[in-house]
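The structure appears right after this line, and notes come after that.
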Amino acid sequence: MASLFNMPITSLSGIGSKRAELFAKLGVKSVGDLICFYPRTYEDWSSVEKIENLQYGGIYCIKGILAKPIVDSRIKGGKLLSKTTVYDETGSLQIVFFNNRYISSMLSCGTEYFFYGRITIGDYGAQMIAPTFSPASAGLRITPVYKQTSGLVSKTIANCVKQALRLLPKNINDTFPEQVRKSFDLCDLCCALINIHFPENIEMLETARKRLVSEELVVLNLGMRNLREHTRGVCGIKIMQDYSKEFESLLPFTLTNAQKRAVSDCCRDMVTKTSPMNRLIQGDVGSGKTAVAASVCYSVIKNGYQAAFMAPTEILARQHYSTFSKLFENSDIKTALLTGSLKESEKKKIRQSLADGEIDLVIGTHALITDNTEFFNLGIAVTDEQHRFGVAQRAKLLGKGQNPHLLVMSATPIPRTLGLIVFGDLDISVIDELPPSRKPIKTVLMNTSQRARIYNFIRSEISAGRQAYIVCPLVEEGELDNVAAAEEYAAELMLKQFSDIPVGIVHGHMKADEKEAVMSKFVANEYSLLVATTVIEVGVDVPNASVIVIENAERFGLSQLHQLRGRVGRGKFQSYCILVSDNSSAITRQRLEVMCLTNDGFKIADEDLKMRGPGDFFGERQHGLPQLSIADFADTKSLELSQKIADYIMFTYKDIRSDELRPLKAEIVKLFEQGGHNTLN
Ligand code: ADP
Ligand code: MG
């Protein structure tokens with residue numbers, strides 16, 4: 001099997017070096033690649049419609065006899081137009097092709113064919129334009145449609161796949177042992193591969209898909225589990241004592257029980273295990289993750305090691321720096337900030353003291369993982385807002401020490417089914433409790449005609465001493481027009497609505513120190529109102545802020561709105577989130593209503609996953625997971641099934657290295673090699 005899969009694609013007849021190059025463009029190099037090059041979609045040629053029943057705009061398969069020879073003509077631009085008519089027992093239909101010189105040699109008068117295509121209105125009634133076709137003698141079926149590239153059309157690919165499938169031996173090594181297939185009603189691999197390309201019928205297509213999707217997710221699932229258990233080896237850091245009680249006396253508040261649990265999970269990992277800690281702290285916005293991380297860092301530092309705390313943005317890094325500096329003011333812990341915007345000379349100085357071990361705790365951005373940053377004895381790496389970092393960046397930070405502990409924090413409430421895979425290599429502590437005296441944020445949906453009311457409300461909150469955010473109408477960061485829009489919008493507010501109120505503005509195109517200057521003025525309540533783009537999304541903490549207005553709310557994903565909303569309601573004041581949208585589509589309203597109904601990030605994440613897919617949780621390919629070829633992270637049902645199958649496999653066979661699982665193990669190795677991990681030896 002393996003040898004067939006690795007055979008170069010040129011070993012198939014009809015594929016020379018030219019065609020192989022085209023296949024390579026599609027990522028297909030070996031026969032195995034080709035067999036796993038699943039159709040993009042299918043044309044259902046299994047049910048034929050009578051010509052009299054065709055409706056404009058519909059896509060149909062008809063069975064008709066060619067009534068007359070093809071007539072070619074030239075239309076403007078020199079394009080070749082070929083027309084003919086076909087008929088069945090209920091009527092006739094015009095068929096039109098463009099720019100296909102060979103069509104008259106491919107279709108012959110008096111022969112019966114299937115035609116598959118869309119019905120449009122032509123000069124003389126209904127017509128089917130550029131249909132695909134095959135002789136009626138070939139029989140009815142569902143045909144695969146492949147992603148094509150110029151010079152290589154779907155039909156050619158289908159023929160090559162057919163050839164490759166014929167080479168499959170009857171008894172291929174199945175990735176799933178028979179017992180697993182029986183228990184979960186999965187067809188065998190050979191049947192799945194044949195039917196995913198050339199399904200006998202719709203049911204067989206579904207059977208094949210279920211089998212292949214499950215396989216891909218199980219491979220990923222078990223691969224991630226393996227990563228957790230085996231990648232990191234023995235920990236080079238000796239944490240002898242848990243100092244979390246001592247740390248609590250430095251805090252201006254008492255930790256919630258959920259926070260205490262998270263801290264003790266971490267300390268238990270570090271004190272009792274021989275492998276390094278790999279833990280995710282997952283807690284909704286405002287649940288107090290920072291204090292947990294601070295406590296864990298404190299213990300590590302008191303045991304004689306350094307701690308590094310990485311945040312995704314300058315603003316956040318600076319804010320954490322000021323929080324930690326205050327917290328450790330009366331201790332002997334030396335804290336430093338290392339971000340890209342510091343002067344070269346400052347960075348150099350800090351890097352030197354890090355290498356010398358003079359600094360105990362460094363907080364920073366990506367500047368922490370550059371090659372010239374060295375540590376004296378890094379004991380723990382913490383990453384805040386984990387979804388902003390890829391697995392590779394996390395690994396790079398860890399590489400700065402001798403197998404140090406890892407703590408990652410995420411406010412992105414990833415649905416449980418997805419989390420099991422995405423964070424499959426991490427142990428998880430959930431902070432499922434908010435600090436006391438928090439009042440649930442009240443969220444309302446309004447439209448732009450109600451702006452006067454909104455501004456009045458902001459004004460009343462500000463006169464009561466509170467502060468407010470307005471998130472600008474902005475689509476994506478990076479678009480200069482948006483910056484202009486943000487500035488214009490802010491200018492308008494400052495001049496007209498709030499000329500008597502200090503307004504700050506912050507957006508992604510400002511230099512770090514400019515942003516920082518504005519933010520710190522807002523933190524210090526020198527600005528009552530902050531007009532911002534989504535740069536405030538992540539983590540910023542101003543407990544005195546009680547209103548956030550989000551313009552063009554329909555442009556954001558629900559999880560992102562939830563993050564934005566989390567900028568308020570962080571203190572003891574009743575807080576409000578006003579979503580502004582003029583979009584009246586039912587789906588949009590329904591989506592935004594979810595925000596008004598619940599403050600529960602997990603519920604929102606589930607809704608988001610249902611409606612938008614997983615992109616929102618990770619951004620583009622930030623998760624560092626291997627690319628999926630057939631499964632879909634948004635498919636909760638399959639995720640759940642694959643989790644069950646994976647559990648069953650581990651329960652039944654105990655070790656992924658057991659003999660029955662050899663083909664499965666090979667697949668795991670293959671998938672993870674693409675991601676640069678190779679751990680299963
Ligand atoms: P997040 O989990 O979103 O990162 P933070 O760690 O920024 O949340 O905490 C949000 C706010 O709650 C901060 O102002 C922090 O000081 C405060 N806070 C955290 N834990 C507690 C607690 N146990 N009691 C009261 N306030 C707390
Ligand atoms: Mg935070």
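Quick note on naming: the chains in the structure tokens go A, B, ... in the order shown, residues restart at 1 in each chain, and ligands are numbered from 1 in order of appearance.
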Neighbour list for A:Asp432 as a PyMOL selection string, cut-off 12 Å, only C-alpha atoms, skip fewer than 4 positions in-chain: chain A and resi 256-262+281-289+411+413+600-602
Please, which residues of stretch 186-314 of chain A, numbered as in this document, come out strand (DSSP E or B) from DSSP, as JSON, numbers by chain? {"A": [278, 279, 280, 281, 282, 283, 306, 307, 308, 309, 310]}
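Distance annotation: of A:Lys515, A:Lys343, A:His509, A:His320, the residue with the minimal separation from ligand 2 is A:His320; atom set is only C-alpha atoms and all ligand atoms.
Using only C-alpha atoms, the shortest contact distance between A:Gly125 and any of A:Asp185, A:Tyr56, A:Arg166, A:Met106 is found at A:Tyr56.
Checking A:Thr254, A:Asn221, A:Gln467, A:Ser520 one by one against ligand 1, counting only C-alpha atoms and all ligand atoms, you find the shortest gap at A:Thr254.
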